[in-house]
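So this one's model26.txt, compact mmCIF, C-alpha atoms:
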# COMPACT_ATOMS: atom_id res chain seq x y z
CA MET A 632 17.89 43.48 -97.88
CA ILE A 633 16.64 41.51 -94.91
CA VAL A 634 14.14 44.21 -93.99
CA TYR A 635 12.69 44.06 -97.49
CA SER A 636 12.26 40.30 -97.19
CA LEU A 637 10.55 40.68 -93.82
CA ALA A 638 8.11 43.20 -95.27
CA ILE A 639 7.32 40.75 -98.09
CA VAL A 640 6.77 37.97 -95.52
CA LEU A 641 4.19 40.24 -93.81
CA PHE A 642 2.49 40.76 -97.17
CA LEU A 643 2.35 37.01 -97.74
CA VAL A 644 0.85 36.38 -94.29
CA GLY A 645 -1.94 38.81 -95.15
CA LEU A 646 -2.42 37.22 -98.57
CA TYR A 647 -2.74 33.82 -96.91
CA GLY A 648 -5.50 35.28 -94.75
CA VAL A 649 -7.40 36.61 -97.76
CA LEU A 650 -7.17 33.38 -99.77
CA VAL A 651 -7.57 30.61 -97.22
CA LYS A 652 -9.76 31.87 -94.41
CA ARG A 653 -13.42 31.03 -94.33
CA ASN A 654 -14.75 33.78 -92.11
CA LEU A 655 -15.56 37.08 -93.84
CA PHE A 656 -14.12 39.10 -90.99
CA LYS A 657 -10.84 37.22 -91.16
CA ILE A 658 -10.65 38.07 -94.86
CA LEU A 659 -11.09 41.73 -93.89
CA ILE A 660 -8.28 41.47 -91.31
CA GLY A 661 -6.02 39.84 -93.90
CA LEU A 662 -6.69 42.68 -96.35
CA SER A 663 -5.75 45.19 -93.64
CA VAL A 664 -2.44 43.39 -93.03
CA VAL A 665 -1.68 43.47 -96.78
CA GLU A 666 -2.17 47.27 -96.74
CA TYR A 667 0.19 47.69 -93.77
CA ALA A 668 2.85 45.63 -95.55
CA VAL A 669 2.65 47.68 -98.75
CA ASN A 670 2.89 51.01 -96.89
CA LEU A 671 5.84 49.71 -94.88
CA LEU A 672 7.64 48.59 -98.04
CA PHE A 673 7.26 52.04 -99.59
CA ALA A 674 8.58 53.80 -96.51
CA LEU A 675 11.55 51.39 -96.38
CA ILE A 676 12.52 52.09 -99.98
CA GLY A 677 12.70 55.82 -99.38
CA TYR A 678 14.94 55.75 -96.31
CA ARG A 679 18.40 57.26 -96.50
CA GLN A 680 21.10 56.56 -93.92
CA GLY A 681 21.76 59.68 -91.85
CA GLY A 682 19.00 61.65 -93.56
CA ALA A 683 16.61 64.02 -91.85
CA ALA A 684 12.85 64.26 -92.13
CA PRO A 685 11.86 66.19 -95.30
CA ILE A 686 10.81 69.42 -93.59
CA ARG A 687 12.89 72.54 -94.08
CA THR A 688 13.08 74.35 -90.76
CA ALA A 689 14.66 77.73 -90.24
CA GLY A 690 17.81 76.65 -88.47
CA LEU A 691 18.87 73.89 -90.81
CA ALA A 692 22.26 73.91 -92.50
CA ALA A 693 22.25 74.60 -96.21
CA ASP A 694 23.43 71.17 -97.29
CA THR A 695 21.53 68.74 -95.05
CA VAL A 696 20.71 65.36 -96.48
CA PHE A 697 17.01 64.51 -96.64
CA VAL A 698 15.25 61.21 -96.96
CA ASP A 699 13.34 60.62 -100.17
CA PRO A 700 10.03 62.52 -99.94
CA ILE A 701 8.25 60.93 -102.92
CA PRO A 702 7.40 57.52 -101.32
CA GLN A 703 6.04 59.39 -98.30
CA ALA A 704 3.80 61.45 -100.57
CA LEU A 705 2.47 58.24 -102.13
CA VAL A 706 1.78 56.53 -98.81
CA LEU A 707 0.10 59.53 -97.15
CA THR A 708 -3.10 59.34 -99.15
CA ALA A 709 -2.98 55.55 -99.37
CA ILE A 710 -3.40 55.23 -95.61
CA VAL A 711 -6.59 57.29 -95.50
CA ILE A 712 -8.07 55.54 -98.54
CA GLY A 713 -7.27 52.21 -96.86
CA LEU A 714 -9.41 53.30 -93.93
CA ALA A 715 -12.31 54.14 -96.27
CA THR A 716 -12.18 50.77 -98.04
CA THR A 717 -11.95 48.89 -94.73
CA ALA A 718 -15.05 50.75 -93.52
CA LEU A 719 -16.86 49.94 -96.79
CA LEU A 720 -16.05 46.25 -96.48
CA ALA A 721 -17.14 46.22 -92.82
CA ALA A 722 -20.48 47.80 -93.81
CA VAL A 723 -21.01 45.15 -96.51
CA ALA A 724 -20.14 42.42 -93.98
CA VAL A 725 -22.73 43.78 -91.53
CA ARG A 726 -25.40 43.73 -94.24
CA ILE A 727 -24.47 40.15 -95.23
CA TYR A 728 -24.78 39.04 -91.62
CA GLU A 729 -28.20 40.63 -91.31
CA LYS A 730 -29.41 38.70 -94.33
CA TYR A 731 -27.75 35.28 -93.95
CA ASP A 732 -27.08 35.11 -90.17
CA THR A 733 -23.54 33.81 -90.67
CA PHE A 734 -20.10 34.97 -91.76
CA ASP A 735 -19.13 31.69 -93.40
CA VAL A 736 -18.39 32.25 -97.09
CA ARG A 737 -19.23 28.69 -98.08
CA LYS A 738 -22.78 29.03 -96.78
CA ILE A 739 -23.26 32.46 -98.33
CA ARG A 740 -22.50 31.20 -101.78
CA LYS A 741 -25.76 29.35 -101.99
CA LEU A 742 -28.19 32.12 -102.81
CA ARG A 743 -31.49 31.98 -101.07
CA GLY A 744 -34.81 33.64 -101.70
CA MET B 298 18.55 51.30 -85.47
CA LEU B 299 18.43 48.43 -87.90
CA THR B 300 17.96 45.86 -85.14
CA VAL B 301 15.06 47.81 -83.63
CA LEU B 302 13.44 48.00 -87.07
CA ILE B 303 13.85 44.25 -87.60
CA LEU B 304 12.37 43.54 -84.15
CA LEU B 305 9.38 45.77 -84.95
CA ILE B 306 8.67 44.01 -88.25
CA VAL B 307 8.94 40.60 -86.54
CA LEU B 308 6.45 41.85 -83.92
CA MET B 309 4.12 42.90 -86.72
CA ILE B 310 4.35 39.46 -88.34
CA LEU B 311 3.57 37.75 -85.02
CA GLY B 312 0.65 40.11 -84.42
CA ALA B 313 -0.73 39.41 -87.90
CA VAL B 314 -0.50 35.64 -87.40
CA VAL B 315 -2.27 35.87 -84.03
CA ALA B 316 -4.95 38.13 -85.53
CA LEU B 317 -5.68 35.66 -88.32
CA GLU B 318 -5.65 32.49 -86.26
CA SER B 319 -7.47 33.50 -83.09
CA ARG B 320 -10.83 31.95 -82.43
CA ASP B 321 -12.45 35.10 -81.09
CA LEU B 322 -13.05 37.92 -83.57
CA LEU B 323 -12.64 40.66 -80.97
CA SER B 324 -9.16 39.57 -79.90
CA GLY B 325 -8.22 39.26 -83.54
CA VAL B 326 -9.12 42.90 -84.13
CA ILE B 327 -7.12 43.99 -81.06
CA SER B 328 -4.08 42.10 -82.40
CA LEU B 329 -4.52 44.01 -85.64
CA GLY B 330 -4.32 47.19 -83.55
CA ILE B 331 -0.98 46.08 -82.13
CA CYS B 332 0.25 45.54 -85.69
CA GLY B 333 -0.81 49.06 -86.67
CA PHE B 334 0.77 50.79 -83.67
CA ALA B 335 4.08 48.98 -84.27
CA LEU B 336 3.90 50.35 -87.82
CA THR B 337 3.63 53.87 -86.37
CA ILE B 338 6.88 53.43 -84.45
CA ALA B 339 8.50 52.04 -87.59
CA PHE B 340 7.43 55.14 -89.53
CA LEU B 341 8.96 57.37 -86.83
CA LEU B 342 12.26 55.47 -87.03
CA LEU B 343 12.28 55.87 -90.80
CA GLN B 344 12.12 59.69 -90.46
CA ALA B 345 8.54 60.08 -91.75
CA PRO B 346 6.57 62.14 -89.18
CA ASP B 347 3.68 62.86 -91.61
CA LEU B 348 3.03 59.16 -92.02
CA ALA B 349 3.29 58.48 -88.28
CA ILE B 350 0.61 61.07 -87.45
CA VAL B 351 -1.78 59.76 -90.09
CA GLN B 352 -1.16 56.11 -89.21
CA ILE B 353 -1.79 56.41 -85.48
CA ILE B 354 -5.05 58.29 -85.81
CA VAL B 355 -6.30 56.12 -88.70
CA GLU B 356 -5.48 53.01 -86.67
CA THR B 357 -7.59 54.27 -83.77
CA LEU B 358 -10.56 55.00 -86.02
CA THR B 359 -10.19 51.62 -87.77
CA LEU B 360 -10.36 49.86 -84.41
CA VAL B 361 -13.48 51.83 -83.45
CA ILE B 362 -15.23 51.05 -86.74
CA LEU B 363 -14.33 47.33 -86.70
CA ILE B 364 -15.42 46.89 -83.08
CA ALA B 365 -18.70 48.68 -83.86
CA ALA B 366 -19.24 46.25 -86.74
CA ILE B 367 -18.44 43.24 -84.53
CA LEU B 368 -20.78 44.34 -81.76
CA LYS B 369 -23.60 44.62 -84.25
CA THR B 370 -23.19 41.06 -85.50
CA THR B 371 -21.34 38.32 -83.70
CA ARG B 372 -18.18 37.60 -81.78
CA GLU B 373 -17.36 34.01 -82.58
CA ASP B 374 -15.38 32.66 -85.41
CA THR B 375 -16.43 29.87 -87.74
CA SER B 376 -13.13 28.07 -87.51
CA GLU B 377 -12.81 24.32 -87.73
CA PRO B 378 -11.10 22.21 -85.04
CA LEU B 379 -7.45 21.28 -85.37
CA GLY B 380 -7.68 18.35 -87.76
CA PHE B 381 -5.76 16.91 -90.64
CA ARG B 382 -7.10 19.45 -93.17
CA LYS B 383 -6.01 22.41 -91.12
CA ILE B 384 -2.44 21.16 -90.66
CA LEU B 385 -2.26 20.36 -94.37
CA LEU B 386 -3.36 23.91 -95.19
CA TRP B 387 -0.77 25.42 -92.86
CA GLY B 388 1.97 23.25 -94.37
CA MET B 389 1.00 24.21 -97.91
CA GLY B 390 0.86 27.85 -96.86
CA LEU B 391 4.40 27.71 -95.48
CA VAL B 392 5.70 26.02 -98.63
CA ALA B 393 4.02 28.64 -100.80
CA ILE B 394 5.53 31.48 -98.72
CA ALA B 395 9.01 29.95 -98.98
CA ALA B 396 8.73 29.48 -102.76
CA PHE B 397 7.48 33.03 -103.30
CA LEU B 398 10.27 34.41 -101.12
CA LEU B 399 12.89 32.48 -103.07
CA VAL B 400 11.69 34.01 -106.32
CA THR B 401 11.41 37.51 -104.85
CA VAL B 402 14.96 37.53 -103.48
CA GLY B 403 16.22 37.56 -107.05
CA VAL B 404 14.26 40.74 -107.68
CA LEU B 405 15.21 42.39 -104.39
CA ARG B 406 18.86 42.09 -105.26
CA HIS B 407 18.39 44.64 -108.04
CA LEU B 408 16.95 47.30 -105.74
CA PRO B 409 19.43 49.84 -104.33
CA PRO B 410 20.63 48.72 -100.89
CA PHE B 411 18.68 49.74 -97.82
CA GLY B 412 19.72 53.25 -96.80
CA ALA B 413 21.14 54.49 -100.10
CA PRO B 414 18.42 55.27 -102.62
CA GLU B 415 19.14 57.02 -105.88
CA LEU B 416 17.28 60.29 -105.67
CA ARG B 417 17.01 60.81 -109.38
CA MET B 418 13.41 62.01 -109.37
CA ALA B 419 13.41 63.61 -105.96
CA GLN B 420 16.51 65.83 -106.23
CA PRO B 421 14.82 68.61 -108.29
CA TYR B 422 11.89 68.57 -105.85
CA ILE B 423 14.19 68.84 -102.83
CA ASP B 424 16.31 71.62 -104.33
CA GLY B 425 13.50 73.69 -105.79
CA GLY B 426 10.82 72.99 -103.20
CA LEU B 427 11.06 76.02 -100.97
CA PRO B 428 11.82 78.72 -103.59
CA GLN B 429 9.29 77.54 -106.16
CA THR B 430 6.29 76.77 -104.01
CA GLY B 431 6.97 78.62 -100.76
CA ALA B 432 6.09 75.62 -98.58
CA ALA B 433 8.53 74.40 -95.94
CA ASN B 434 7.00 70.93 -95.77
CA LEU B 435 8.36 69.15 -98.84
CA VAL B 436 5.81 66.34 -98.73
CA ALA B 437 2.93 68.84 -98.76
CA ALA B 438 4.58 70.70 -101.64
CA ILE B 439 4.81 67.45 -103.60
CA ILE B 440 1.26 66.25 -103.04
CA LEU B 441 -0.41 69.61 -103.56
CA ASP B 442 1.74 71.46 -106.05
CA TYR B 443 4.01 69.22 -108.10
CA ARG B 444 1.65 66.24 -108.11
CA GLY B 445 -1.66 67.97 -107.48
CA TYR B 446 -3.55 65.92 -110.08
CA ASP B 447 -3.00 62.72 -108.11
CA THR B 448 -4.37 64.31 -104.94
CA LEU B 449 -7.43 65.49 -106.85
CA GLY B 450 -8.08 61.92 -107.97
CA GLU B 451 -7.55 60.53 -104.49
CA ALA B 452 -9.97 63.01 -102.91
CA THR B 453 -12.60 61.91 -105.44
CA VAL B 454 -11.91 58.22 -104.69
CA LEU B 455 -12.36 58.88 -100.97
CA PHE B 456 -15.66 60.61 -101.67
CA THR B 457 -16.82 57.64 -103.76
CA ALA B 458 -15.90 55.13 -101.02
CA VAL B 459 -17.81 57.13 -98.40
CA ALA B 460 -20.82 57.49 -100.69
CA GLY B 461 -20.78 53.73 -101.31
CA THR B 462 -20.67 52.95 -97.58
CA VAL B 463 -23.55 55.28 -96.76
CA ALA B 464 -25.58 53.86 -99.64
CA VAL B 465 -25.00 50.26 -98.53
CA LEU B 466 -26.00 50.95 -94.95
CA ARG B 467 -28.93 53.16 -95.72
CA SER B 468 -31.18 51.11 -97.98
CA VAL B 469 -33.98 49.01 -96.62
CA GLY B 470 -33.20 45.32 -96.89
CA ARG B 471 -35.40 42.29 -96.90
CA LYS B 472 -35.52 40.57 -93.57
CA HIS B 473 -34.24 37.01 -93.66
CA ALA B 474 -36.69 34.08 -93.46
CA MET C 9 -25.23 51.75 -78.03
CA ARG C 10 -25.46 52.99 -74.46
CA GLY C 11 -23.42 55.88 -73.18
CA MET C 12 -20.69 55.69 -70.60
CA THR C 13 -20.39 56.72 -66.96
CA ILE C 14 -20.53 60.32 -65.85
CA ILE C 15 -16.76 60.58 -65.37
CA VAL C 16 -16.14 59.68 -69.00
CA GLN C 17 -18.82 62.12 -70.10
CA ALA C 18 -17.31 65.01 -68.12
CA ILE C 19 -13.78 64.35 -69.39
CA SER C 20 -14.84 63.98 -73.01
CA ARG C 21 -16.80 67.20 -72.78
CA LEU C 22 -13.46 68.87 -71.92
CA MET C 23 -11.26 66.95 -74.33
CA ALA C 24 -13.34 67.08 -77.51
CA PRO C 25 -12.81 70.83 -78.13
CA ALA C 26 -9.07 70.40 -77.50
CA ILE C 27 -8.83 67.58 -80.04
CA PHE C 28 -10.87 69.63 -82.52
CA LEU C 29 -8.52 72.58 -82.05
CA LEU C 30 -5.48 70.36 -82.55
CA GLY C 31 -7.00 69.05 -85.77
CA VAL C 32 -7.65 72.57 -87.07
CA TYR C 33 -4.05 73.54 -86.18
CA VAL C 34 -2.61 70.54 -88.05
CA VAL C 35 -4.72 71.37 -91.13
CA LEU C 36 -3.88 75.07 -91.23
CA HIS C 37 -0.14 74.63 -90.69
CA GLY C 38 0.11 71.81 -93.20
CA HIS C 39 2.73 73.58 -95.26
CA LEU C 40 5.03 74.33 -92.32
CA THR C 41 4.89 71.33 -89.99
CA PRO C 42 4.21 67.65 -90.60
CA GLY C 43 0.57 66.80 -91.06
CA GLY C 44 -1.58 68.43 -93.65
CA GLY C 45 -5.15 67.99 -94.80
CA PHE C 46 -5.49 64.22 -94.36
CA ALA C 47 -4.04 63.99 -90.85
CA GLY C 48 -5.96 67.00 -89.57
CA GLY C 49 -9.22 65.86 -91.14
CA VAL C 50 -9.05 62.46 -89.45
CA LEU C 51 -8.28 64.18 -86.12
CA ILE C 52 -11.37 66.41 -86.43
CA ALA C 53 -13.50 63.35 -87.17
CA GLY C 54 -11.98 61.68 -84.11
CA ALA C 55 -13.16 64.52 -81.86
CA PHE C 56 -16.78 64.07 -82.96
CA VAL C 57 -16.56 60.27 -82.75
CA LEU C 58 -15.42 60.66 -79.13
CA LEU C 59 -18.55 62.67 -78.34
CA VAL C 60 -20.85 60.10 -79.94
CA LEU C 61 -19.14 57.24 -78.11
CA ALA C 62 -19.28 58.91 -74.71
CA PHE C 63 -22.88 60.06 -74.74
CA GLY C 64 -24.47 57.04 -76.38
CA SER C 65 -26.31 56.81 -79.65
CA GLU C 66 -29.77 57.59 -78.25
CA GLU C 67 -28.79 61.18 -77.61
CA TRP C 68 -27.87 61.81 -81.24
CA ARG C 69 -30.61 59.95 -82.97
CA SER C 70 -33.02 62.84 -83.24
CA ARG C 71 -30.69 65.36 -84.83
CA ALA C 72 -30.19 65.53 -88.61
CA LEU C 73 -26.53 64.56 -88.33
CA ASN C 74 -26.10 62.46 -91.41
CA TRP C 75 -27.59 65.00 -93.79
CA ASN C 76 -25.32 67.74 -92.45
CA ALA C 77 -22.26 65.50 -92.65
CA THR C 78 -22.82 64.48 -96.25
CA ALA C 79 -23.62 68.06 -97.27
CA LEU C 80 -20.33 69.26 -95.72
CA GLU C 81 -18.39 66.52 -97.43
CA SER C 82 -19.79 67.44 -100.84
CA PHE C 83 -18.96 71.07 -100.16
CA GLY C 84 -15.37 70.17 -99.31
CA LEU C 85 -14.83 68.24 -102.54
CA PHE C 86 -16.52 70.96 -104.58
CA PHE C 87 -14.23 73.59 -103.00
CA PHE C 88 -11.19 71.53 -103.95
CA TRP C 89 -12.30 71.24 -107.57
CA PHE C 90 -13.07 74.97 -107.58
CA LEU C 91 -9.49 75.72 -106.51
CA ALA C 92 -8.22 73.49 -109.32
CA VAL C 93 -10.33 75.26 -111.93
CA LEU C 94 -9.19 78.65 -110.61
CA GLY C 95 -5.98 78.27 -112.56
CA MET C 96 -7.92 77.82 -115.78
CA VAL C 97 -10.02 80.93 -115.12
CA GLN C 98 -6.89 83.02 -114.65
CA GLY C 99 -5.69 82.13 -118.12
CA VAL C 100 -3.04 79.54 -117.29
CA GLN C 101 -3.39 75.74 -117.42
CA PHE C 102 -5.45 73.56 -115.09
CA PHE C 103 -4.37 73.42 -111.45
CA VAL C 104 -1.55 75.91 -111.30
CA ASN C 105 -0.55 77.69 -108.10
CA VAL C 106 -1.87 81.14 -109.02
CA ILE C 107 -2.17 82.99 -105.72
CA ALA C 108 0.90 85.08 -105.01
CA LYS C 109 3.47 83.29 -102.96
CA SER C 110 5.42 85.03 -100.22
CA GLU C 111 7.96 87.73 -100.97
CA PRO C 112 11.50 86.34 -101.05
CA GLY C 113 13.04 86.31 -97.62
CA THR C 114 9.93 85.44 -95.55
CA PRO C 115 9.10 81.85 -96.31
CA TYR C 116 7.79 80.53 -92.99
CA ARG C 117 4.64 82.57 -92.47
CA LEU C 118 1.12 81.21 -92.21
CA PHE C 119 -0.15 83.00 -95.31
CA SER C 120 2.51 81.82 -97.70
CA ALA C 121 2.77 79.07 -100.31
CA GLY C 122 -0.08 80.20 -102.50
CA ILE C 123 -2.90 77.76 -102.97
CA ILE C 124 -1.57 75.07 -100.61
CA PRO C 125 -3.28 76.11 -97.31
CA LEU C 126 -6.63 76.46 -99.10
CA CYS C 127 -6.27 73.01 -100.63
CA ASN C 128 -5.40 71.62 -97.20
CA THR C 129 -8.54 73.20 -95.74
CA ALA C 130 -10.76 71.75 -98.46
CA ILE C 131 -9.29 68.27 -98.00
CA GLY C 132 -9.59 68.55 -94.21
CA ILE C 133 -13.30 69.39 -94.42
CA GLU C 134 -13.96 66.58 -96.86
CA VAL C 135 -12.09 63.87 -94.96
CA ALA C 136 -13.56 64.86 -91.57
CA ALA C 137 -17.16 64.97 -92.78
CA GLY C 138 -16.80 61.75 -94.77
CA LEU C 139 -15.35 59.66 -91.95
CA PHE C 140 -17.87 61.01 -89.45
CA SER C 141 -20.70 60.16 -91.83
CA ILE C 142 -19.43 56.55 -92.11
CA PHE C 143 -19.35 56.23 -88.33
CA ILE C 144 -22.85 57.68 -87.92
CA CYS C 145 -24.30 55.23 -90.44
CA LEU C 146 -22.58 52.31 -88.74
CA ALA C 147 -23.22 53.06 -85.08
CA VAL C 148 -26.17 55.36 -84.64
CA MET C 149 -28.73 54.83 -87.34
CA LYS C 150 -30.97 51.81 -87.22
CA MET C 151 -31.43 49.60 -90.22
CA GLY C 152 -33.76 50.95 -92.87
CA GLU C 153 -34.01 54.40 -91.37
CA LYS C 154 -33.93 57.33 -93.74
CA PRO C 155 -31.72 60.09 -92.26

Let me see the file written as structure tokens.
Amino acid sequence: MIVYSLAIVLFLVGLYGVLVKRNLFKILIGLSVVEYAVNLLFALIGYRQGGAAPIRTAGLAADTVFVDPIPQALVLTAIVIGLATTALLAAVAVRIYEKYDTFDVRKIRKLRG
Amino acid sequence: MLTVLILLIVLMILGAVVALESRDLLSGVISLGICGFALTIAFLLLQAPDLAIVQIIVETLTLVILIAAILKTTREDTSEPLGFRKILLWGMGLVAIAAFLLVTVGVLRHLPPFGAPELRMAQPYIDGGLPQTGAANLVAAIILDYRGYDTLGEATVLFTAVAGTVAVLRSVGRKHA
Amino acid sequence: MRGMTIIVQAISRLMAPAIFLLGVYVVLHGHLTPGGGFAGGVLIAGAFVLLVLAFGSEEWRSRALNWNATALESFGLFFFWFLAVLGMVQGVQFFVNVIAKSEPGTPYRLFSAGIIPLCNTAIGIEVAAGLFSIFICLAVMKMGEKP
């Protein structure tokens, strides 16, 4: 129960970064932290005390207890897609800097030209 | 094992706070790397070797891409000095986190306790995984045989994100001023 | 982006094929050991990123890297969709494991589990080419340049 609460605290720290920060790169870092927290929460839900990793090897006993494999299947693709969206946001941030010469979101809101 | 896991998550929270509040963008990104590598160790402790492999190599590539983006633009942060507004924002942030946590604890009480999940959906997959699909890795059998549709969608989403990034960086933009 | 010293260049010339081989191993044995298409694909992209980082971006600017990378990525996704439609061609529903699985009693071979190693290969190609293409556009190409 306490590990679940700690994972939610990590999520809220990232959410604070997305909502409050003024620098575009800090917003990107906050979004990354939110993704880590969500993946961690999924992996925590699937854990089983005394379970083994969900791979059937040849020498395993017939009645071994496995951890839940479904949350791991959900998180596996989520990690790689998180990398792709972080790269997309970094590319957009680079283009914004080339045009406006700053990362400050308050200055970018006034459209120019 | 539970104490090591709690220590790792506390380390991740500290790393995230340092990454968000540092004045230099480059040290913020390196703190984010610490957060990601601690997550890899947490995945290993939770008996998920697939996730640990993917997380460590994705974390390395994320650091490379973010540092490449920083070196192209700027290193400094546009943070304001420590004044009244900043302390007020931190205080309000802490109050909001505490209120959210108080509401969420009521929901968390209904989840099965940590370490004893009900495997209602996963038990047929675990029992019938090897005979029905022939794959020894149960996670691979789930994402490519039982739930193959979802993987098809996710491969297409990845393709779209990459196409969007290449399109954003490729087009000729107007020079400022 | 300038390249690095000659020690780093010599070591990365040795290490990049080893990392590439490890990535191919993780992709092909995705149904027997932990890993699979996504992990192996990112490893293969990492091998090529190491080469670009060590030798500097000037060295790679003249080759048609980005066109090849995007063409490979499209091929990988198309191959994955082709494997999904294969079930429909054989007369069953969409996306069914139609290639013969192993005979009972030999489950841990490389050529077992039907369509799963082929799907892993398609995903590995797509992820590797896509991530390498992102890195090329961010670090090597100059602004406004048509690849």

At most 7 Å to chain A: residues in chain B, only C-alpha atoms, as a PyMOL selection string: chain B and resi 303+306+310+313+317+343-345+348+352+355+359+362-363+366+370+374-375+390+394+410-414+416+419+433-436+439-440+455+458-459+462+465-466+472-473

Around all listed atoms of range 80-92 of chain C, padded 4 Å per side, what centre and edge lengths does the axis-aligned box have in Å to one decimal, as lines of an AutoDock Vina configuration file?
center_x = -14.3
center_y = 71.1
center_z = -102.5
size_x = 20.1
size_y = 17.2
size_z = 21.6

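The gap separating CA of Ala136 in chain C from CA of Tyr33 in chain C is 14.0 Å, in Å to one decimal.
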
Exercise answer, chain B residues close to chain C, 6 Å and all atoms listed in the file, as a PyMOL selection string: chain B and resi 347+351+430-434+437+459+468-469

Atomic distance CA of Leu385 in chain B - CA of Ala316 in chain B, expressed in Å with one decimal: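 Spanning CA of Leu385 in chain B to CA of Ala316 in chain B is a straight-line distance of 20.0 Å.
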
For range 42-55 of chain C, supply N, CA and C atoms and format the output as a PDB file, in the frame of the given file.
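Contents of the output file rebuild-v2.pdb:
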ATOM      1  N   PRO C  42       4.783  68.884 -90.062  1.00  0.00           N
ATOM      2  CA  PRO C  42       4.210  67.650 -90.600  1.00  0.00           C
ATOM      3  C   PRO C  42       2.715  67.541 -90.315  1.00  0.00           C
ATOM      4  N   GLY C  43       2.014  66.897 -91.218  1.00  0.00           N
ATOM      5  CA  GLY C  43       0.570  66.800 -91.060  1.00  0.00           C
ATOM      6  C   GLY C  43      -0.118  67.061 -92.365  1.00  0.00           C
ATOM      7  N   GLY C  44      -0.905  68.111 -92.408  1.00  0.00           N
ATOM      8  CA  GLY C  44      -1.580  68.430 -93.650  1.00  0.00           C
ATOM      9  C   GLY C  44      -3.052  68.120 -93.578  1.00  0.00           C
ATOM     10  N   GLY C  45      -3.693  68.128 -94.730  1.00  0.00           N
ATOM     11  CA  GLY C  45      -5.150  67.990 -94.800  1.00  0.00           C
ATOM     12  C   GLY C  45      -5.643  66.654 -94.299  1.00  0.00           C
ATOM     13  N   PHE C  46      -4.977  65.554 -94.694  1.00  0.00           N
ATOM     14  CA  PHE C  46      -5.490  64.220 -94.360  1.00  0.00           C
ATOM     15  C   PHE C  46      -5.377  63.949 -92.878  1.00  0.00           C
ATOM     16  N   ALA C  47      -4.233  64.252 -92.273  1.00  0.00           N
ATOM     17  CA  ALA C  47      -4.040  63.990 -90.850  1.00  0.00           C
ATOM     18  C   ALA C  47      -4.978  64.835 -90.008  1.00  0.00           C
ATOM     19  N   GLY C  48      -5.091  66.120 -90.338  1.00  0.00           N
ATOM     20  CA  GLY C  48      -5.960  67.000 -89.570  1.00  0.00           C
ATOM     21  C   GLY C  48      -7.427  66.637 -89.713  1.00  0.00           C
ATOM     22  N   GLY C  49      -7.826  66.223 -90.929  1.00  0.00           N
ATOM     23  CA  GLY C  49      -9.220  65.860 -91.140  1.00  0.00           C
ATOM     24  C   GLY C  49      -9.621  64.650 -90.307  1.00  0.00           C
ATOM     25  N   VAL C  50      -8.727  63.648 -90.249  1.00  0.00           N
ATOM     26  CA  VAL C  50      -9.050  62.460 -89.450  1.00  0.00           C
ATOM     27  C   VAL C  50      -9.087  62.815 -87.965  1.00  0.00           C
ATOM     28  N   LEU C  51      -8.240  63.756 -87.521  1.00  0.00           N
ATOM     29  CA  LEU C  51      -8.280  64.180 -86.120  1.00  0.00           C
ATOM     30  C   LEU C  51      -9.601  64.860 -85.778  1.00  0.00           C
ATOM     31  N   ILE C  52     -10.097  65.717 -86.690  1.00  0.00           N
ATOM     32  CA  ILE C  52     -11.370  66.410 -86.430  1.00  0.00           C
ATOM     33  C   ILE C  52     -12.503  65.387 -86.349  1.00  0.00           C
ATOM     34  N   ALA C  53     -12.471  64.391 -87.246  1.00  0.00           N
ATOM     35  CA  ALA C  53     -13.500  63.350 -87.170  1.00  0.00           C
ATOM     36  C   ALA C  53     -13.401  62.597 -85.854  1.00  0.00           C
ATOM     37  N   GLY C  54     -12.171  62.391 -85.369  1.00  0.00           N
ATOM     38  CA  GLY C  54     -11.980  61.680 -84.110  1.00  0.00           C
ATOM     39  C   GLY C  54     -12.598  62.419 -82.932  1.00  0.00           C
ATOM     40  N   ALA C  55     -12.558  63.759 -82.954  1.00  0.00           N
ATOM     41  CA  ALA C  55     -13.160  64.520 -81.860  1.00  0.00           C
ATOM     42  C   ALA C  55     -14.666  64.280 -81.798  1.00  0.00           C
TER      43      ALA C  55
END
